[in-house]
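Asks: Next up is a structure, given as structure tokens.
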2 protein chains.
Amino acid sequence: MFHDISPAEKALPQGFRWGTAEAAIKRAGRLDVGIIVADNDCNCAAVFTQNAFSAAPVEVSREILQASGGRVRGVVVNSGCANAATGSEGLANAREMAQLAAGSANAEAGFLVCSTGTIGVQLPMERVRKGIADAAAQAGATPDAAMGFARAIMTTDTVPKIAHAEVSLFGRKVRLVGCAKGAGMIHPQMATLLAFVTTDAAIAPDLLDHLFRRCIDKSLNCLTVDGDTSTNDTAIILASGKSGVELRTDTPELASFESALLDVLQSLAKQLARDGEGATKLVEISITGGRSFEHARKVGLAIGVSPLVKTAIYGRDANWGRIVCAAGNADPSIEPARVSVRLGELLLFDAGAPLPLDEEAALEVLSRELVRIEVGLGAGDATATVWTCDLTEKYIEINGAYRT
Amino acid sequence: MFHDISPAEKALPQGFRWGTAEAAIKRAGRLDVGIIVADNDCNCAAVFTQNAFSAAPVEVSREILQASGGRVRGVVVNSGCANAATGSEGLANAREMAQLAAGSANAEAGFLVCSTGTIGVQLPMERVRKGIADAAAQAGATPDAAMGFARAIMTTDTVPKIAHAEVSLFGRKVRLVGCAKGAGMIHPQMATLLAFVTTDAAIAPDLLDHLFRRCIDKSLNCLTVDGDTSTNDTAIILASGKSGVELRTDTPELASFESALLDVLQSLAKQLARDGEGATKLVEISITGGRSFEHARKVGLAIGVSPLVKTAIYGRDANWGRIVCAAGNADPSIEPARVSVRLGELLLFDAGAPLPLDEEAALEVLSRELVRIEVGLGAGDATATVWTCDLTEKYIEINGAYRT
């Protein structure tokens, strides 16, 4: 099993093609329509935003997935316009996108549809129609095509995010590829951002849904950039079955597959945090001694979303007081006397009291590109790891002038 | 009734003196010890942080207030060191500060104690002892002395915050003065930051506590700068009774007094938001049509804490999609078709769909120093107003290099 952000030499899951087009949705000269077309109908699972203003494509995808019993042919995506808070016109546009994609593939099963970009603006449908036709026409089953798709869904992302895994099961290869986008407006709430995983395993929709949610809980739902959850968050997995490997409940092969899926999603989560808007560092926060995974994650996310923690890391300031403060906000029942805080390998706080701080050693840890923080809560046996990034002037610059 | 940030010519409540000293707690050459000494024992109410890592002075003040049944002689405060996450040594130091202050006033009733500054560092007690003695020795009952106190409690604040109110009751004057500090790590959780109100009304501790909590709920608890709640948050009111006006339950005079108290606390809340770390604008968010005050406030605070909303306001970008997105996160049960969004006098979103945006008019609204946002939820009759500021590069600069 392995994963990598450059899968050029990795074999892709069988049964899928990826296509892209330039449709000048927000501005000309960039890929902004992407399509994943399966050769045959696939089993599919998806998780969507819980935001009350869930976007038109989220509403439409929910409908299609429910009506189909988890059978779809592909996904069509645009960047540059979120098609959220766009009323009935937006809903009609999202439905048309799904229909155009299905038509381009002569598919019986439907397509899911995703959008990402500015909220509150209508799609330029003339150009979107042409974009979908172009993307479907040039879709291919090559690593370059998959990487192109990962590029077409980007907004403020500075690099495409792609992860790959391969497991041998019953003497055959099962492959997974995941693509994701998102750099701001990132905080978990079921799904986060846009993520698309394809696999050639054969797995029933219910089982796929169960595995996918469990893996997302420990990957994309352990990720925060700025505490804002998008109206468009969607994560989708498509299983083509083309590997010939059928996965069933309570088998060791299913466990191997789940582990590979978690690998792919955690790799994407880390790539997303590392490319958080304006970020210079990836921050990994491990919480131990939680009462439950959810408890540990809640404390970890409270630390990971704290602007004071994030700016201190940016400033390479070992200001661990901000870490305990954020933890204490997340859970007022924490007993300080049981708490410990580590920055890299340095123990800074233990049993409710500060330890002498070696400023030079702390500066060295904080100068790394990956900064690790570990907080022990002493309340139980559960652990969670969350990922975030530092907060820099660049985040302000990007978001102070995003729409215009 | 009036309030003002420069009360030089305003009469102060009777029965109090304010003192300050330079104790070089974090660095030399600035006021960092403040004391409020009452002429006689006062009735007192206070609200404290809910953070699990509540600071040593919070623990000690809670003890003193509980043991005294709401009778205290004054408050002693230091800035430059939070005395939080400091273990048993920190607790002993906080107790000693309270005892020194009480000793300096020859008081039978105790003093409450507050600290603000860096977390996880012990107080330099040698200098603190001298500071408390100096501050008590030079305490005076003048507007300059009260303004000095407001300065001595500052950390990253750029201006002191003070508010004043006067009401005529039973033919006599009752006066209130409030001081507060705080520019970062600000988000409500019972109390927020440090705030000190003095009044010469005579009012029983229980009734004072009740009024104080109700007014804080609509003032300091409607304030956010960055979503981080401090380990040291404390708000205290001291009532000397020296006006000779006694306030009793269910009287029109009590209602007048409560209105004046709310005025003082809301003025402080606005001053605090306006001086949020790095802020260039005060942002006032009014939520109408909520199911309850708490519901409306929850949505308002979610908008007010969103870094994407705050950076858009900084960038003068009428990106109202970020406002509905933040609202939709706070309450997934919001019905978009009932929601409206106004920026200043401009209606941008109504009945679930965007309206044409007059970019020039929006730029004019966003260029104001006070930016007003109004969101109608259409779910009930309750309203709430919250205050925040914009998020700028300066916030990063301040917090990327705060401790060092």
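Identifiers in this document derive from the order of the structure tokens: chains are assigned A, B, ..., residues are numbered from 1 separately in each chain, and ligands are numbered from 1 in order of occurrence.
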Fit chain B to chain A, using all C-alpha atoms paired in sequence order for the least-squares superposition, and then show me the result as a tab-separated table (two decimals) with C-alpha atoms, in the first residue's frame.

Replies:
chain	number	residue	atom	x	y	z
B	1	MET	CA	0.00	0.01	-0.03
B	2	PHE	CA	1.30	3.47	-0.85
B	3	HIS	CA	0.12	6.93	-1.68
B	4	ASP	CA	1.72	9.78	-3.45
B	5	ILE	CA	0.82	13.19	-4.81
B	6	SER	CA	2.36	12.45	-8.17
B	7	PRO	CA	0.80	9.21	-9.40
B	8	ALA	CA	2.16	9.60	-12.93
B	9	GLU	CA	3.62	6.13	-12.87
B	10	LYS	CA	0.88	4.59	-10.73
B	11	ALA	CA	-1.82	2.45	-12.23
B	12	LEU	CA	-5.30	3.95	-11.97
B	13	PRO	CA	-8.44	2.09	-10.93
B	14	GLN	CA	-10.04	0.46	-13.93
B	15	GLY	CA	-13.29	1.65	-15.41
B	16	PHE	CA	-12.96	5.45	-15.22
B	17	ARG	CA	-12.03	8.36	-17.47
B	18	TRP	CA	-11.29	11.93	-16.40
B	19	GLY	CA	-11.96	14.97	-18.59
B	20	THR	CA	-11.52	18.73	-18.28
B	21	ALA	CA	-12.31	21.95	-20.13
B	22	GLU	CA	-11.77	25.70	-19.99
B	23	ALA	CA	-15.19	27.36	-19.78
B	24	ALA	CA	-14.21	30.85	-18.54
B	25	ILE	CA	-16.69	30.56	-15.66
B	26	LYS	CA	-14.92	33.12	-13.49
B	27	ARG	CA	-12.15	34.13	-15.82
B	28	ALA	CA	-10.66	32.81	-19.07
B	29	GLY	CA	-7.54	30.71	-19.44
B	30	ARG	CA	-7.97	28.14	-16.69
B	31	LEU	CA	-9.48	24.67	-16.40
B	32	ASP	CA	-12.81	25.06	-14.62
B	33	VAL	CA	-14.94	22.09	-15.70
B	34	GLY	CA	-14.06	18.52	-14.73
B	35	ILE	CA	-15.83	15.26	-15.32
B	36	ILE	CA	-15.34	11.70	-14.10
B	37	VAL	CA	-17.08	9.25	-16.43
B	38	ALA	CA	-17.34	5.57	-15.56
B	39	ASP	CA	-17.47	2.95	-18.31
B	40	ASN	CA	-20.48	1.39	-16.62
B	41	ASP	CA	-22.85	2.33	-13.80
B	42	CYS	CA	-21.03	2.39	-10.45
B	43	ASN	CA	-21.91	1.94	-6.83
B	44	CYS	CA	-21.62	5.29	-5.14
B	45	ALA	CA	-21.60	6.83	-1.67
B	46	ALA	CA	-21.42	10.53	-0.82
B	47	VAL	CA	-21.49	12.85	2.14
B	48	PHE	CA	-22.66	16.44	1.88
B	49	THR	CA	-22.50	19.70	3.84
B	50	GLN	CA	-24.93	20.20	6.74
B	51	ASN	CA	-25.09	23.96	6.04
B	52	ALA	CA	-28.67	25.32	5.87
B	53	PHE	CA	-27.69	27.12	2.67
B	54	SER	CA	-26.54	23.92	0.98
B	55	ALA	CA	-25.84	24.77	-2.65
B	56	ALA	CA	-28.06	23.86	-5.59
B	57	PRO	CA	-25.67	21.09	-6.79
B	58	VAL	CA	-25.74	19.58	-3.29
B	59	GLU	CA	-29.54	19.51	-3.33
B	60	VAL	CA	-29.59	17.98	-6.80
B	61	SER	CA	-26.89	15.40	-6.04
B	62	ARG	CA	-28.77	14.33	-2.90
B	63	GLU	CA	-31.91	13.82	-4.97
B	64	ILE	CA	-30.12	11.83	-7.67
B	65	LEU	CA	-28.27	9.61	-5.23
B	66	GLN	CA	-31.40	8.87	-3.26
B	67	ALA	CA	-33.53	8.15	-6.32
B	68	SER	CA	-30.87	5.86	-7.81
B	69	GLY	CA	-30.29	3.74	-4.72
B	70	GLY	CA	-26.55	4.50	-4.90
B	71	ARG	CA	-25.99	3.79	-8.62
B	72	VAL	CA	-24.46	6.57	-10.71
B	73	ARG	CA	-22.37	6.87	-13.85
B	74	GLY	CA	-20.12	9.77	-12.89
B	75	VAL	CA	-19.61	13.26	-11.54
B	76	VAL	CA	-19.48	16.66	-13.20
B	77	VAL	CA	-17.82	19.58	-11.41
B	78	ASN	CA	-17.22	23.25	-12.07
B	79	SER	CA	-14.98	25.69	-10.23
B	80	GLY	CA	-15.28	29.50	-10.21
B	81	CYS	CA	-18.94	29.64	-9.14
B	82	ALA	CA	-20.49	27.85	-6.14
B	83	ASN	CA	-24.08	27.99	-7.44
B	84	ALA	CA	-25.11	28.51	-3.80
B	85	ALA	CA	-27.78	30.92	-2.53
B	86	THR	CA	-28.97	31.16	-6.11
B	87	GLY	CA	-32.67	30.26	-5.70
B	88	SER	CA	-34.72	28.36	-8.27
B	89	GLU	CA	-32.56	29.48	-11.21
B	90	GLY	CA	-29.57	27.86	-9.52
B	91	LEU	CA	-31.46	24.60	-8.98
B	92	ALA	CA	-32.48	24.45	-12.63
B	93	ASN	CA	-28.87	25.08	-13.67
B	94	ALA	CA	-27.55	22.30	-11.43
B	95	ARG	CA	-30.12	19.86	-12.83
B	96	GLU	CA	-29.17	20.80	-16.36
B	97	MET	CA	-25.46	20.21	-15.61
B	98	ALA	CA	-26.26	16.70	-14.37
B	99	GLN	CA	-28.43	15.98	-17.43
B	100	LEU	CA	-25.83	17.28	-19.88
B	101	ALA	CA	-23.16	15.09	-18.29
B	102	ALA	CA	-25.40	12.03	-18.39
B	103	GLY	CA	-26.27	12.78	-22.01
B	104	SER	CA	-22.62	13.10	-22.96
B	105	ALA	CA	-22.01	9.58	-21.63
B	106	ASN	CA	-25.22	8.08	-23.06
B	107	ALA	CA	-25.72	6.91	-19.48
B	108	GLU	CA	-28.84	5.45	-17.99
B	109	ALA	CA	-27.71	6.14	-14.43
B	110	GLY	CA	-27.37	9.76	-13.41
B	111	PHE	CA	-24.41	12.02	-12.74
B	112	LEU	CA	-23.78	13.80	-9.48
B	113	VAL	CA	-22.94	17.49	-9.77
B	114	CYS	CA	-20.62	19.71	-7.70
B	115	SER	CA	-19.74	23.38	-7.86
B	116	THR	CA	-17.16	25.48	-6.00
B	117	GLY	CA	-16.32	29.16	-6.08
B	118	THR	CA	-18.13	32.39	-5.27
B	119	ILE	CA	-21.47	32.14	-3.45
B	120	GLY	CA	-24.53	34.05	-4.67
B	121	VAL	CA	-23.68	34.28	-8.36
B	122	GLN	CA	-25.51	32.45	-11.18
B	123	LEU	CA	-23.61	30.10	-13.51
B	124	PRO	CA	-22.90	31.36	-17.05
B	125	MET	CA	-24.79	28.38	-18.52
B	126	GLU	CA	-23.92	29.04	-22.18
B	127	ARG	CA	-20.24	28.49	-21.41
B	128	VAL	CA	-20.93	25.71	-18.90
B	129	ARG	CA	-22.83	23.70	-21.55
B	130	LYS	CA	-19.92	23.90	-23.96
B	131	GLY	CA	-17.48	23.10	-21.14
B	132	ILE	CA	-19.28	19.90	-20.16
B	133	ALA	CA	-19.43	18.74	-23.79
B	134	ASP	CA	-15.70	19.48	-24.27
B	135	ALA	CA	-14.69	17.76	-21.03
B	136	ALA	CA	-16.71	14.64	-21.83
B	137	ALA	CA	-15.33	14.50	-25.38
B	138	GLN	CA	-11.69	14.53	-24.32
B	139	ALA	CA	-11.95	12.35	-21.17
B	140	GLY	CA	-9.21	9.74	-20.87
B	141	ALA	CA	-8.01	6.99	-18.53
B	142	THR	CA	-4.47	8.31	-18.04
B	143	PRO	CA	-2.64	9.68	-14.97
B	144	ASP	CA	-2.40	13.02	-16.79
B	145	ALA	CA	-6.16	13.11	-17.25
B	146	ALA	CA	-6.73	12.40	-13.53
B	147	MET	CA	-4.23	15.12	-12.60
B	148	GLY	CA	-5.99	17.50	-15.02
B	149	PHE	CA	-9.28	16.82	-13.20
B	150	ALA	CA	-7.59	17.60	-9.88
B	151	ARG	CA	-6.49	20.92	-11.40
B	152	ALA	CA	-9.88	21.79	-12.88
B	153	ILE	CA	-11.58	21.72	-9.47
B	154	MET	CA	-9.10	24.13	-7.81
B	155	THR	CA	-10.09	27.61	-6.55
B	156	THR	CA	-7.58	29.29	-4.21
B	157	ASP	CA	-5.63	26.02	-4.03
B	158	THR	CA	-2.02	26.49	-5.12
B	159	VAL	CA	-1.42	22.80	-5.96
B	160	PRO	CA	-3.69	19.95	-7.04
B	161	LYS	CA	-4.35	17.26	-4.41
B	162	ILE	CA	-4.31	13.64	-5.47
B	163	ALA	CA	-3.65	10.41	-3.59
B	164	HIS	CA	-3.34	6.85	-4.77
B	165	ALA	CA	-3.42	3.45	-3.10
B	166	GLU	CA	-3.19	-0.13	-4.23
B	167	VAL	CA	-3.98	-3.31	-2.31
B	168	SER	CA	-3.62	-6.95	-3.37
B	169	LEU	CA	-6.76	-8.91	-2.51
B	170	PHE	CA	-7.54	-12.48	-3.58
B	171	GLY	CA	-4.42	-12.28	-5.78
B	172	ARG	CA	-5.70	-9.27	-7.71
B	173	LYS	CA	-4.92	-5.55	-7.54
B	174	VAL	CA	-7.53	-3.11	-6.23
B	175	ARG	CA	-6.74	0.53	-6.81
B	176	LEU	CA	-8.01	3.81	-5.43
B	177	VAL	CA	-7.42	7.36	-6.59
B	178	GLY	CA	-8.66	10.41	-4.70
B	179	CYS	CA	-8.73	14.06	-5.76
B	180	ALA	CA	-9.72	16.98	-3.57
B	181	LYS	CA	-9.81	20.76	-3.56
B	182	GLY	CA	-10.08	23.39	-0.86
B	183	ALA	CA	-7.86	25.89	0.83
B	184	GLY	CA	-10.22	28.21	2.72
B	185	MET	CA	-13.69	27.89	4.23
B	186	ILE	CA	-12.57	24.55	5.61
B	187	HIS	CA	-13.91	22.99	8.78
B	188	PRO	CA	-15.53	19.61	9.12
B	189	GLN	CA	-19.23	19.06	9.23
B	190	MET	CA	-19.85	15.59	7.76
B	191	ALA	CA	-17.87	16.28	4.62
B	192	THR	CA	-15.47	19.07	3.97
B	193	LEU	CA	-14.74	20.72	0.63
B	194	LEU	CA	-14.84	18.67	-2.56
B	195	ALA	CA	-13.27	15.21	-2.65
B	196	PHE	CA	-13.65	12.49	-5.26
B	197	VAL	CA	-12.43	8.93	-4.81
B	198	THR	CA	-12.61	6.27	-7.49
B	199	THR	CA	-11.89	2.58	-7.01
B	200	ASP	CA	-12.24	-0.55	-9.07
B	201	ALA	CA	-13.29	-2.66	-6.10
B	202	ALA	CA	-16.75	-4.22	-6.25
B	203	ILE	CA	-18.63	-3.23	-3.12
B	204	ALA	CA	-22.33	-2.82	-2.38
B	205	PRO	CA	-23.66	0.75	-1.97
B	206	ASP	CA	-24.61	0.33	1.70
B	207	LEU	CA	-21.27	-1.14	2.66
B	208	LEU	CA	-19.46	1.50	0.59
B	209	ASP	CA	-21.41	4.25	2.34
B	210	HIS	CA	-20.58	2.80	5.76
B	211	LEU	CA	-16.84	2.52	5.05
B	212	PHE	CA	-16.68	5.91	3.41
B	213	ARG	CA	-18.29	7.73	6.35
B	214	ARG	CA	-16.07	5.95	8.84
B	215	CYS	CA	-12.91	6.87	6.92
B	216	ILE	CA	-14.02	10.48	6.35
B	217	ASP	CA	-14.58	10.82	10.07
B	218	LYS	CA	-10.86	10.20	10.64
B	219	SER	CA	-9.57	12.20	7.68
B	220	LEU	CA	-11.51	15.10	6.13
B	221	ASN	CA	-13.51	15.58	9.32
B	222	CYS	CA	-10.23	15.98	11.22
B	223	LEU	CA	-9.19	18.95	9.14
B	224	THR	CA	-9.61	22.66	9.73
B	225	VAL	CA	-8.22	25.72	8.04
B	226	ASP	CA	-10.39	28.56	9.26
B	227	GLY	CA	-13.50	27.19	10.94
B	228	ASP	CA	-15.77	28.15	8.08
B	229	THR	CA	-17.77	25.31	6.53
B	230	SER	CA	-18.73	25.64	2.93
B	231	THR	CA	-22.21	25.56	1.42
B	232	ASN	CA	-20.86	23.15	-1.19
B	233	ASP	CA	-18.94	20.52	0.77
B	234	THR	CA	-19.21	17.17	-0.95
B	235	ALA	CA	-17.18	13.97	-0.90
B	236	ILE	CA	-18.02	11.18	-3.34
B	237	ILE	CA	-16.69	7.67	-3.89
B	238	LEU	CA	-17.38	5.68	-7.06
B	239	ALA	CA	-16.70	1.94	-7.20
B	240	SER	CA	-16.58	0.47	-10.70
B	241	GLY	CA	-16.04	-3.17	-9.73
B	242	LYS	CA	-13.65	-3.59	-12.69
B	243	SER	CA	-10.88	-5.16	-10.59
B	244	GLY	CA	-13.09	-8.22	-10.25
B	245	VAL	CA	-12.53	-8.15	-6.48
B	246	GLU	CA	-15.74	-8.28	-4.52
B	247	LEU	CA	-15.62	-7.04	-0.94
B	248	ARG	CA	-17.97	-8.37	1.72
B	249	THR	CA	-18.75	-7.50	5.32
B	250	ASP	CA	-16.47	-8.83	8.07
B	251	THR	CA	-13.67	-10.11	5.86
B	252	PRO	CA	-9.95	-9.36	6.25
B	253	GLU	CA	-10.00	-8.10	2.66
B	254	LEU	CA	-12.56	-5.46	3.58
B	255	ALA	CA	-10.33	-4.33	6.43
B	256	SER	CA	-7.37	-4.03	4.01
B	257	PHE	CA	-9.49	-2.02	1.62
B	258	GLU	CA	-10.71	0.27	4.40
B	259	SER	CA	-7.14	0.86	5.50
B	260	ALA	CA	-6.18	1.82	1.93
B	261	LEU	CA	-9.19	4.12	1.67
B	262	LEU	CA	-8.28	5.79	4.96
B	263	ASP	CA	-4.73	6.23	3.67
B	264	VAL	CA	-5.99	8.01	0.57
B	265	LEU	CA	-8.35	10.27	2.51
B	266	GLN	CA	-5.78	11.11	5.20
B	267	SER	CA	-3.22	11.92	2.52
B	268	LEU	CA	-5.74	14.29	0.93
B	269	ALA	CA	-6.53	15.85	4.33
B	270	LYS	CA	-2.84	16.57	4.91
B	271	GLN	CA	-2.38	17.95	1.40
B	272	LEU	CA	-5.39	20.22	1.96
B	273	ALA	CA	-4.11	21.51	5.32
B	274	ARG	CA	-0.62	22.02	3.90
B	275	ASP	CA	-2.11	24.14	1.12
B	276	GLY	CA	-4.47	26.09	3.42
B	277	GLU	CA	-4.84	29.65	2.25
B	278	GLY	CA	-1.58	31.48	2.95
B	279	ALA	CA	-0.10	28.55	4.91
B	280	THR	CA	3.64	28.03	5.35
B	281	LYS	CA	3.39	24.96	7.61
B	282	LEU	CA	1.42	21.77	8.09
B	283	VAL	CA	0.40	21.33	11.73
B	284	GLU	CA	-0.47	17.89	13.10
B	285	ILE	CA	-2.21	17.88	16.48
B	286	SER	CA	-2.47	14.56	18.31
B	287	ILE	CA	-4.79	14.30	21.26
B	288	THR	CA	-4.34	11.37	23.62
B	289	GLY	CA	-6.21	10.39	26.77
B	290	GLY	CA	-9.63	11.46	25.46
B	291	ARG	CA	-12.90	10.01	26.73
B	292	SER	CA	-13.82	9.06	23.16
B	293	PHE	CA	-12.58	9.68	19.63
B	294	GLU	CA	-15.20	12.45	19.30
B	295	HIS	CA	-14.05	14.06	22.54
B	296	ALA	CA	-10.39	13.95	21.51
B	297	ARG	CA	-11.20	15.30	18.05
B	298	LYS	CA	-13.31	18.13	19.46
B	299	VAL	CA	-10.39	19.31	21.60
B	300	GLY	CA	-7.96	18.87	18.71
B	301	LEU	CA	-10.11	20.89	16.33
B	302	ALA	CA	-10.56	23.67	18.90
B	303	ILE	CA	-6.76	23.95	19.07
B	304	GLY	CA	-6.42	23.64	15.31
B	305	VAL	CA	-8.94	26.38	14.53
B	306	SER	CA	-7.65	28.89	17.11
B	307	PRO	CA	-6.25	31.93	15.31
B	308	LEU	CA	-4.00	32.59	18.28
B	309	VAL	CA	-2.45	29.10	18.12
B	310	LYS	CA	-2.10	29.36	14.35
B	311	THR	CA	-0.45	32.79	14.42
B	312	ALA	CA	1.92	31.70	17.21
B	313	ILE	CA	3.08	28.78	15.05
B	314	TYR	CA	3.55	31.15	12.13
B	315	GLY	CA	5.61	33.43	14.40
B	316	ARG	CA	7.59	30.39	15.66
B	317	ASP	CA	6.56	31.38	19.17
B	318	ALA	CA	6.32	28.46	21.63
B	319	ASN	CA	3.34	30.16	23.29
B	320	TRP	CA	1.81	26.91	24.54
B	321	GLY	CA	-0.53	28.84	26.85
B	322	ARG	CA	-2.70	29.45	23.80
B	323	ILE	CA	-2.90	25.68	23.27
B	324	VAL	CA	-4.17	24.92	26.78
B	325	CYS	CA	-6.51	27.90	26.58
B	326	ALA	CA	-8.09	26.60	23.37
B	327	ALA	CA	-8.37	23.10	24.87
B	328	GLY	CA	-9.96	24.49	28.02
B	329	ASN	CA	-12.56	26.33	25.95
B	330	ALA	CA	-13.47	23.22	24.01
B	331	ASP	CA	-14.04	21.21	27.15
B	332	PRO	CA	-14.58	23.01	30.47
B	333	SER	CA	-14.43	19.63	32.25
B	334	ILE	CA	-10.74	19.10	31.48
B	335	GLU	CA	-8.70	18.65	34.65
B	336	PRO	CA	-5.54	20.76	34.26
B	337	ALA	CA	-3.62	18.60	36.71
B	338	ARG	CA	-3.89	15.65	34.28
B	339	VAL	CA	-2.92	17.56	31.15
B	340	SER	CA	0.40	17.49	29.30
B	341	VAL	CA	1.51	19.45	26.22
B	342	ARG	CA	4.35	18.47	23.88
B	343	LEU	CA	5.73	20.53	21.03
B	344	GLY	CA	7.61	18.08	18.83
B	345	GLU	CA	9.67	16.11	21.35
B	346	LEU	CA	9.66	18.90	23.98
B	347	LEU	CA	7.46	18.52	27.06
B	348	LEU	CA	6.25	22.07	27.89
B	349	PHE	CA	3.45	21.56	30.39
B	350	ASP	CA	2.77	18.68	32.71
B	351	ALA	CA	0.43	17.96	35.62
B	352	GLY	CA	-1.06	21.45	35.62
B	353	ALA	CA	2.17	23.43	35.72
B	354	PRO	CA	4.68	24.82	33.21
B	355	LEU	CA	8.12	23.25	32.73
B	356	PRO	CA	11.26	25.26	31.95
B	357	LEU	CA	11.22	26.18	28.26
B	358	ASP	CA	14.33	25.61	26.11
B	359	GLU	CA	13.68	28.51	23.73
B	360	GLU	CA	16.36	27.43	21.26
B	361	ALA	CA	15.05	23.88	20.99
B	362	ALA	CA	11.48	25.17	20.64
B	363	LEU	CA	12.52	27.53	17.85
B	364	GLU	CA	14.08	24.58	16.04
B	365	VAL	CA	10.85	22.54	16.30
B	366	LEU	CA	8.76	25.50	15.14
B	367	SER	CA	11.06	26.09	12.17
B	368	ARG	CA	10.12	22.71	10.71
B	369	GLU	CA	7.73	22.48	7.81
B	370	LEU	CA	5.65	19.92	9.72
B	371	VAL	CA	4.95	21.01	13.29
B	372	ARG	CA	3.67	18.33	15.66
B	373	ILE	CA	1.73	19.13	18.83
B	374	GLU	CA	0.62	16.49	21.31
B	375	VAL	CA	-1.85	17.13	24.10
B	376	GLY	CA	-2.56	14.47	26.70
B	377	LEU	CA	-5.91	14.91	28.45
B	378	GLY	CA	-5.63	12.13	31.01
B	379	ALA	CA	-9.38	11.49	30.80
B	380	GLY	CA	-9.47	8.13	29.01
B	381	ASP	CA	-7.86	5.99	26.32
B	382	ALA	CA	-9.14	7.56	23.10
B	383	THR	CA	-6.96	9.39	20.61
B	384	ALA	CA	-7.50	11.60	17.57
B	385	THR	CA	-5.24	13.38	15.13
B	386	VAL	CA	-6.26	16.58	13.38
B	387	TRP	CA	-4.53	18.65	10.74
B	388	THR	CA	-4.36	22.38	10.26
B	389	CYS	CA	-1.92	25.03	9.03
B	390	ASP	CA	-0.51	28.28	10.32
B	391	LEU	CA	-2.31	31.62	9.85
B	392	THR	CA	-0.38	34.26	7.95
B	393	GLU	CA	-0.82	37.71	6.43
B	394	LYS	CA	-1.31	35.95	3.11
B	395	TYR	CA	-4.65	34.47	4.29
B	396	ILE	CA	-5.92	38.02	4.84
B	397	GLU	CA	-4.58	39.12	1.48
B	398	ILE	CA	-6.27	36.21	-0.34
B	399	ASN	CA	-9.63	36.64	1.39
B	400	GLY	CA	-9.65	40.42	1.50
B	401	ALA	CA	-9.74	40.36	-2.29
B	402	TYR	CA	-11.20	36.99	-3.32
B	403	ARG	CA	-14.36	37.90	-5.15
B	404	THR	CA	-13.18	40.97	-7.00

Asks: Enumerate as a list in words all residues of segment 61-132 of chain B assigned to strand (DSSP E or B) by DSSP on the backbone, naming them with the chain letters and numbers the document uses.

Replies: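 Restricting segment 61-132 of chain B to strand (DSSP E or B) produces Arg71, Val72, Arg73, Gly74, Val75, Val76, Val77, Asn78, Ser79, Gly80, Cys81, Gly110, Phe111, Leu112, Val113, Cys114, Ser115, Thr116, Gly117 and Thr118 of chain B.
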
Asks: Could you go through segment 345-401 of chain A and tell me which residues DSSP, when run on the backbone, assigns to helix (DSSP H, G or I), listing them as a list in words?

Replies: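 Everything in segment 345-401 of chain A that counts as helix (DSSP H, G or I) is Glu359, Glu360, Ala361, Ala362, Leu363, Glu364, Val365, Leu366, Glu393, Lys394, Tyr395, Ile396, Glu397, Ile398 and Asn399 of chain A.
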